[in-house]
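Enquirer: Next comes the structure file upload.cif, holding mmCIF, C-alpha atoms.
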data_upload
#
loop_
_atom_site.label_atom_id
_atom_site.label_comp_id
_atom_site.auth_asym_id
_atom_site.auth_seq_id
_atom_site.Cartn_x
_atom_site.Cartn_y
_atom_site.Cartn_z
CA MET L 49 73.18 -44.16 -56.81
CA HIS L 50 75.85 -42.61 -54.59
CA VAL L 51 75.38 -42.77 -50.81
CA GLN L 52 75.15 -38.97 -50.46
CA GLU L 53 72.69 -38.72 -53.35
CA TRP L 54 70.46 -41.33 -51.71
CA LEU L 55 70.65 -39.62 -48.31
CA ASP L 56 69.80 -36.31 -49.95
CA SER L 57 66.62 -37.85 -51.40
CA VAL L 58 65.12 -38.86 -48.03
CA PRO L 59 63.83 -36.72 -45.10
CA ALA L 60 66.20 -35.65 -42.32
CA VAL L 61 64.58 -38.05 -39.84
CA ALA L 62 65.35 -40.94 -42.18
CA VAL L 63 68.97 -39.76 -42.46
CA TYR L 64 69.35 -39.83 -38.67
CA ALA L 65 67.79 -43.31 -38.51
CA VAL L 66 69.91 -44.73 -41.35
CA VAL L 67 73.16 -43.37 -39.92
CA SER L 68 72.37 -44.70 -36.44
CA LEU L 69 71.27 -48.09 -37.78
CA VAL L 70 74.22 -48.64 -40.14
CA ILE L 71 76.78 -47.61 -37.51
CA GLY L 72 75.02 -49.73 -34.90
CA LEU L 73 75.02 -52.83 -37.10
CA GLU L 74 78.67 -52.28 -38.01
CA SER L 75 79.59 -51.93 -34.33
CA LEU L 76 77.59 -55.07 -33.61
CA GLY L 77 79.92 -57.02 -35.91
CA ILE L 78 78.28 -56.83 -39.35
CA PRO L 79 80.64 -55.42 -42.02
CA LEU L 80 78.86 -52.27 -43.24
CA PRO L 81 80.23 -48.89 -44.45
CA GLY L 82 79.36 -46.99 -41.28
CA GLU L 83 82.11 -44.41 -41.68
CA ILE L 84 81.19 -43.69 -45.31
CA VAL L 85 77.54 -43.16 -44.38
CA LEU L 86 78.49 -40.87 -41.47
CA VAL L 87 80.90 -38.78 -43.54
CA SER L 88 78.35 -38.44 -46.36
CA ALA L 89 75.61 -37.35 -43.96
CA ALA L 90 77.90 -34.88 -42.16
CA LEU L 91 79.03 -33.36 -45.46
CA MET L 92 75.41 -33.10 -46.53
CA SER L 93 74.53 -31.29 -43.29
CA SER L 94 77.08 -28.60 -44.18
CA GLN L 95 75.29 -27.93 -47.46
CA HIS L 96 72.05 -26.56 -45.94
CA SER L 97 70.08 -29.77 -46.53
CA GLY L 98 68.00 -29.55 -43.32
CA VAL L 99 70.11 -32.15 -41.49
CA ASP L 100 71.19 -30.83 -38.07
CA PRO L 101 74.85 -31.78 -37.40
CA VAL L 102 74.29 -31.87 -33.62
CA VAL L 103 71.37 -34.30 -33.92
CA LEU L 104 73.36 -36.29 -36.48
CA GLY L 105 76.33 -36.57 -34.12
CA VAL L 106 74.10 -37.67 -31.23
CA CYS L 107 72.40 -40.33 -33.37
CA ALA L 108 75.73 -41.60 -34.69
CA THR L 109 77.15 -41.78 -31.16
CA ALA L 110 74.07 -43.60 -29.87
CA GLY L 111 74.26 -46.11 -32.71
CA ALA L 112 77.95 -46.74 -32.06
CA VAL L 113 77.57 -47.21 -28.28
CA ILE L 114 74.41 -49.34 -28.46
CA GLY L 115 75.74 -51.46 -31.31
CA ASP L 116 79.00 -52.12 -29.52
CA SER L 117 77.16 -53.05 -26.32
CA ILE L 118 74.93 -55.55 -28.14
CA GLY L 119 78.01 -56.95 -29.88
CA TYR L 120 79.71 -57.35 -26.51
CA ALA L 121 76.72 -59.25 -25.11
CA ILE L 122 76.56 -61.52 -28.16
CA GLY L 123 80.29 -62.17 -28.04
CA ARG L 124 80.22 -62.95 -24.33
CA LYS L 125 77.39 -65.44 -24.82
CA GLY L 126 78.58 -66.95 -28.11
CA GLY L 127 82.28 -67.26 -27.28
CA ARG L 128 84.72 -68.83 -29.72
CA PRO L 129 82.03 -70.66 -31.74
CA LEU L 130 80.65 -67.24 -32.64
CA LEU L 131 83.97 -66.21 -34.21
CA ALA L 132 84.07 -69.46 -36.18
CA TRP L 133 80.55 -68.80 -37.46
CA LEU L 134 81.45 -65.22 -38.40
CA GLU L 135 84.51 -66.48 -40.27
CA ARG L 136 82.30 -68.75 -42.38
CA ARG L 137 79.83 -65.94 -43.06
CA PHE L 138 82.34 -63.11 -43.63
CA PRO L 139 85.68 -64.76 -44.52
CA SER L 140 87.23 -61.53 -45.82
CA HIS L 141 86.64 -59.73 -42.50
CA PHE L 142 86.69 -62.47 -39.84
CA SER L 143 89.50 -64.61 -41.18
CA GLU L 144 91.76 -66.38 -38.70
CA ALA L 145 94.56 -63.88 -39.39
CA HIS L 146 92.31 -60.90 -38.76
CA VAL L 147 90.98 -62.39 -35.53
CA ALA L 148 94.52 -63.11 -34.34
CA THR L 149 95.56 -59.51 -35.09
CA ALA L 150 92.59 -58.14 -33.17
CA GLU L 151 93.27 -60.45 -30.21
CA ARG L 152 96.87 -59.28 -30.01
CA SER L 153 95.65 -55.68 -29.97
CA PHE L 154 93.26 -56.45 -27.10
CA GLU L 155 95.90 -58.33 -25.13
CA LYS L 156 98.38 -55.47 -25.52
CA TRP L 157 96.13 -52.43 -25.13
CA GLY L 158 93.07 -53.69 -23.24
CA MET L 159 90.31 -51.09 -23.06
CA TRP L 160 92.36 -48.73 -25.23
CA ALA L 161 91.84 -51.20 -28.07
CA VAL L 162 88.09 -50.58 -27.75
CA PHE L 163 88.60 -46.81 -27.69
CA PHE L 164 91.06 -46.52 -30.58
CA GLY L 165 89.36 -49.39 -32.41
CA ARG L 166 86.68 -46.88 -33.33
CA PHE L 167 89.14 -45.21 -35.69
CA ILE L 168 90.30 -48.43 -37.40
CA ALA L 169 87.90 -50.14 -39.81
CA LEU L 170 88.83 -53.70 -38.82
CA LEU L 171 88.76 -53.15 -35.06
CA ARG L 172 85.56 -51.13 -35.33
CA ILE L 173 83.80 -54.32 -36.46
CA PHE L 174 85.66 -56.59 -34.00
CA ALA L 175 85.69 -54.46 -30.86
CA GLY L 176 82.30 -55.32 -29.35
CA PRO L 177 82.05 -59.06 -30.08
CA LEU L 178 85.73 -59.73 -29.39
CA ALA L 179 85.68 -57.86 -26.06
CA GLY L 180 82.79 -60.12 -25.03
CA VAL L 181 84.54 -63.28 -26.23
CA LEU L 182 87.68 -62.33 -24.30
CA ARG L 183 85.58 -61.61 -21.18
CA MET L 184 86.72 -58.03 -20.74
CA PRO L 185 85.07 -56.58 -17.60
CA TYR L 186 81.96 -54.77 -18.77
CA TRP L 187 82.66 -51.56 -16.84
CA LYS L 188 86.00 -51.19 -18.63
CA PHE L 189 84.37 -51.94 -21.95
CA LEU L 190 81.54 -49.49 -21.28
CA ILE L 191 83.88 -46.59 -20.45
CA ALA L 192 86.01 -47.17 -23.54
CA ASN L 193 82.92 -47.76 -25.66
CA VAL L 194 81.15 -44.55 -24.64
CA LEU L 195 84.25 -42.35 -24.86
CA GLY L 196 85.30 -43.88 -28.18
CA GLY L 197 81.80 -43.48 -29.60
CA ILE L 198 81.61 -39.82 -28.59
CA VAL L 199 85.06 -38.93 -29.91
CA TRP L 200 84.74 -40.90 -33.15
CA ALA L 201 81.12 -40.23 -34.12
CA GLY L 202 80.86 -36.72 -32.68
CA GLY L 203 84.36 -35.73 -33.78
CA THR L 204 83.93 -37.06 -37.32
CA THR L 205 80.61 -35.25 -37.69
CA ALA L 206 82.06 -31.95 -36.41
CA VAL L 207 85.24 -32.10 -38.51
CA VAL L 208 83.48 -33.04 -41.75
CA TYR L 209 80.75 -30.45 -41.14
CA TYR L 210 83.19 -27.57 -40.62
CA VAL L 211 85.45 -28.71 -43.45
CA GLY L 212 82.39 -28.70 -45.73
CA ILE L 213 81.48 -25.14 -44.68
CA VAL L 214 85.04 -23.87 -45.14
CA ALA L 215 85.35 -25.62 -48.50
CA GLU L 216 82.06 -24.13 -49.71
CA ASP L 217 83.09 -20.64 -48.59
CA TRP L 218 86.51 -21.06 -50.20
CA LEU L 219 84.98 -22.21 -53.49
CA LYS L 220 82.68 -19.19 -53.52
CA ARG L 221 85.62 -16.87 -52.97
CA PHE L 222 87.67 -18.77 -55.51
CA SER L 223 84.98 -18.31 -58.16
CA TRP L 224 85.11 -14.52 -57.69
CA LEU L 225 88.90 -14.47 -57.54
CA GLY L 226 89.03 -16.62 -60.65
CA LEU L 227 86.75 -14.21 -62.51
CA VAL L 228 88.80 -11.16 -61.46
CA ALA L 229 92.06 -12.91 -62.34
CA ALA L 230 90.71 -13.91 -65.75
CA VAL L 231 89.66 -10.31 -66.48
CA VAL L 232 93.01 -8.90 -65.31
CA ILE L 233 95.01 -11.44 -67.32
CA GLY L 234 92.87 -10.89 -70.41
CA LEU L 235 93.12 -7.09 -70.20
CA GLY L 236 96.86 -7.25 -69.52
CA SER L 237 97.43 -9.56 -72.49
CA PHE L 238 95.45 -7.23 -74.76
CA LEU L 239 97.40 -4.14 -73.65
CA LEU L 240 100.73 -5.95 -74.00
CA MET L 241 99.95 -7.14 -77.51
CA ARG L 242 98.74 -3.67 -78.47
CA ARG L 243 101.93 -2.09 -77.13
CA ARG L 244 104.12 -4.54 -79.01
CA ALA L 245 102.18 -3.95 -82.19
CA LYS L 246 102.74 -0.19 -81.90
CA ARG L 247 106.44 -0.68 -81.14
CA ASN L 248 106.92 -2.95 -84.12
CA GLY L 249 105.10 -0.46 -86.33
CA SER L 250 107.24 2.49 -85.24
CA THR L 251 110.58 0.70 -85.58
CA ALA L 252 109.87 -0.82 -88.97
CA THR L 253 112.06 0.80 -91.75
CA PRO L 254 110.35 1.61 -95.00
CA ALA L 255 111.55 -0.30 -98.08
CA PRO L 256 113.82 1.73 -100.45
CA GLU L 257 112.07 3.05 -103.56
CA ALA L 258 113.32 1.75 -106.90
CA GLU L 259 115.25 4.27 -109.02
CA PRO L 260 113.51 5.16 -112.27
CA VAL L 261 115.19 3.86 -115.44
CA PRO L 262 115.93 6.58 -118.03
CA ALA L 263 113.86 6.17 -121.17
CA ASP L 264 116.84 6.57 -123.60
CA GLN L 265 118.95 3.95 -121.88
CA PRO L 266 118.95 0.65 -123.66
#
Output the file's structure in the form of structure tokens.
Expert:
Amino acid sequence: MHVQEWLDSVPAVAVYAVVSLVIGLESLGIPLPGEIVLVSAALMSSQHSGVDPVVLGVCATAGAVIGDSIGYAIGRKGGRPLLAWLERRFPSHFSEAHVATAERSFEKWGMWAVFFGRFIALLRIFAGPLAGVLRMPYWKFLIANVLGGIVWAGGTTAVVYYVGIVAEDWLKRFSWLGLVAAVVIGLGSFLLMRRRAKRNGSTATPAPEAEPVPADQP
């Protein structure tokens, strides 16, 4: 079953809880499709399903901020051994190369890596735990975490919601335009063929009649 189909089969309260939980666990450091779940729920909210986009955005933001904060605390306490354990558990996400790439991003950008990491799948999983492992001051992490969570979760919800509404309105208009265009094209084709048929009929020359053969001619 598709994610959106499953979300559409549960009450709105469950949708809010699932979105918040999945995003929170992803931000904590567990590889989960948080962005897919959020986009599916936001698109569903634009289709009159009873899901409030404002509540959805708040829940998604709360999940992102809380999950990142827990990830930071775990990373600060676990240190490097935690990254080694994560590499054994999730080798495709926490490989040595991926960790090195994330560390370089943190060393170069600092708290901006936490903020913009929200928009990058790999850094979205790494941001909280790695910021704790690297001992980033918590106040810097908290500012970047909250702002990044609001912009990413709230912004994604708003953009997908309004795109869904515009797309639905456009499809409705397109259906009517398509019907009118089909009628116009069909009527025009009929009239054109009829006109050509008349023209061909009027310009056609009658075949010459055969001369009668005299009866006494051998």
Enquirer: Using Å and a single decimal, report how far CA of Phe189 (chain L) sits from CA of Val70 (chain L).
Expert: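 Between CA of Val70 (chain L) and CA of Phe189 (chain L) the gap works out to 21.1 Å.
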Enquirer: In Å, rounded to a single decimal, give me how far CA of Val194 (chain L) is from CA of Phe163 (chain L).
Expert: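 Taking CA of Phe163 (chain L) as the start and CA of Val194 (chain L) as the end point, the length is 8.4 Å.
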Enquirer: Skipping near chain neighbours, those fewer than 3 positions away, what residues fall within 7 Å of Ser68 (chain L) using only C-alpha atoms, listed as a PyMOL selection string?
Expert: chain L and resi 64-65+71-72+107-108+110-111
Enquirer: Have a look at L:Gly165, L:Pro177, L:Gly158, L:Gly82 and name the one nearest to Pro129 (chain L); count all atoms listed in the file.
Expert: L:Pro177
Enquirer: One decimal, Å: what's the distance from CA of Ile173 (chain L) over to CA of Pro59 (chain L), could you say?
Expert: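 Spanning CA of Ile173 (chain L) to CA of Pro59 (chain L) is a straight-line distance of 28.0 Å.
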Enquirer: I would like the residues chosen by the PyMOL selection byres ((chain L and resi 90-98) around 6) on the shown file; could you give them as a ChimeraX atom specification?
Expert: /L:87-89,99,101,205,208-209,212-213
Enquirer: Taking all atoms listed in the file into account, which of L:Glu74, L:Phe167, L:Leu131, L:Arg137 comes nearest Val199 (chain L)?
Expert: L:Phe167
Enquirer: What lies within 10 Å of Trp200 (chain L) using all atoms listed in the file, ignoring chain neighbours under 2 positions off, as JSON, numbers by chain?
Expert: {"L": [83, 105, 108, 109, 112, 163, 164, 165, 166, 167, 194, 195, 196, 197, 198, 202, 203, 204, 205, 206]}
Enquirer: May I have a table of the residues of region 55-96 of chain L lying at most 12 Å from region 178-182 of chain L, giving each one's closest pair of atoms and their distance in Å to one decimal, counting only C-alpha atoms, ordered by chain and ascending residue number, as a tab-separated table?
Expert:
residue	atom	partner	partner_atom	distance
L:Ser75	CA	L:Leu178	CA	11.1
L:Leu76	CA	L:Leu178	CA	10.3
L:Gly77	CA	L:Leu178	CA	9.1
Enquirer: Selection from above, C-alpha atoms, as a compact mmCIF listing (two decimals), in the frame of the given file, can you write it?
Expert:
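What ended up in out_34.txt:
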# COMPACT_ATOMS: atom_id res chain seq x y z
CA SER L 75 79.59 -51.93 -34.33
CA LEU L 76 77.59 -55.07 -33.61
CA GLY L 77 79.92 -57.02 -35.91
Enquirer: Would you please work out which residue, of L:Ala62, L:Val214, L:Ala145, L:Leu73, is nearest to Ser117 (chain L) when using only C-alpha atoms?
Expert: L:Leu73
Enquirer: Which neighbours of Val63 (chain L) fall inside 10 Å, counting only C-alpha atoms, when residues of the same chain fewer than 3 positions from it are skipped, and could you give them as a list in words?
Expert: Trp54, Leu55, Asp56, Ser57, Val58, Pro59, Ala60, Val66, Val67, Ser68, Leu69, Val85, Leu86, Ala89, Val99, Leu104 and Cys107 of chain L
Enquirer: Which is closest to Lys125 (chain L) among L:Val207, L:Arg183, L:Ala169, L:Leu190, if we use only C-alpha atoms?
Expert: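 Among the listed residues, L:Arg183 lies closest to Lys125 (chain L).
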Enquirer: Pick from L:Ala201, L:Leu171, L:Pro79, L:Glu135: nearest to Thr149 (chain L), with only C-alpha atoms counted?
Expert: L:Leu171
Enquirer: Which residue, L:Gly119, L:Pro81, L:Gly126, L:Pro139, has the smallest gap to Phe174 (chain L) when you use only C-alpha atoms?
Expert: L:Gly119
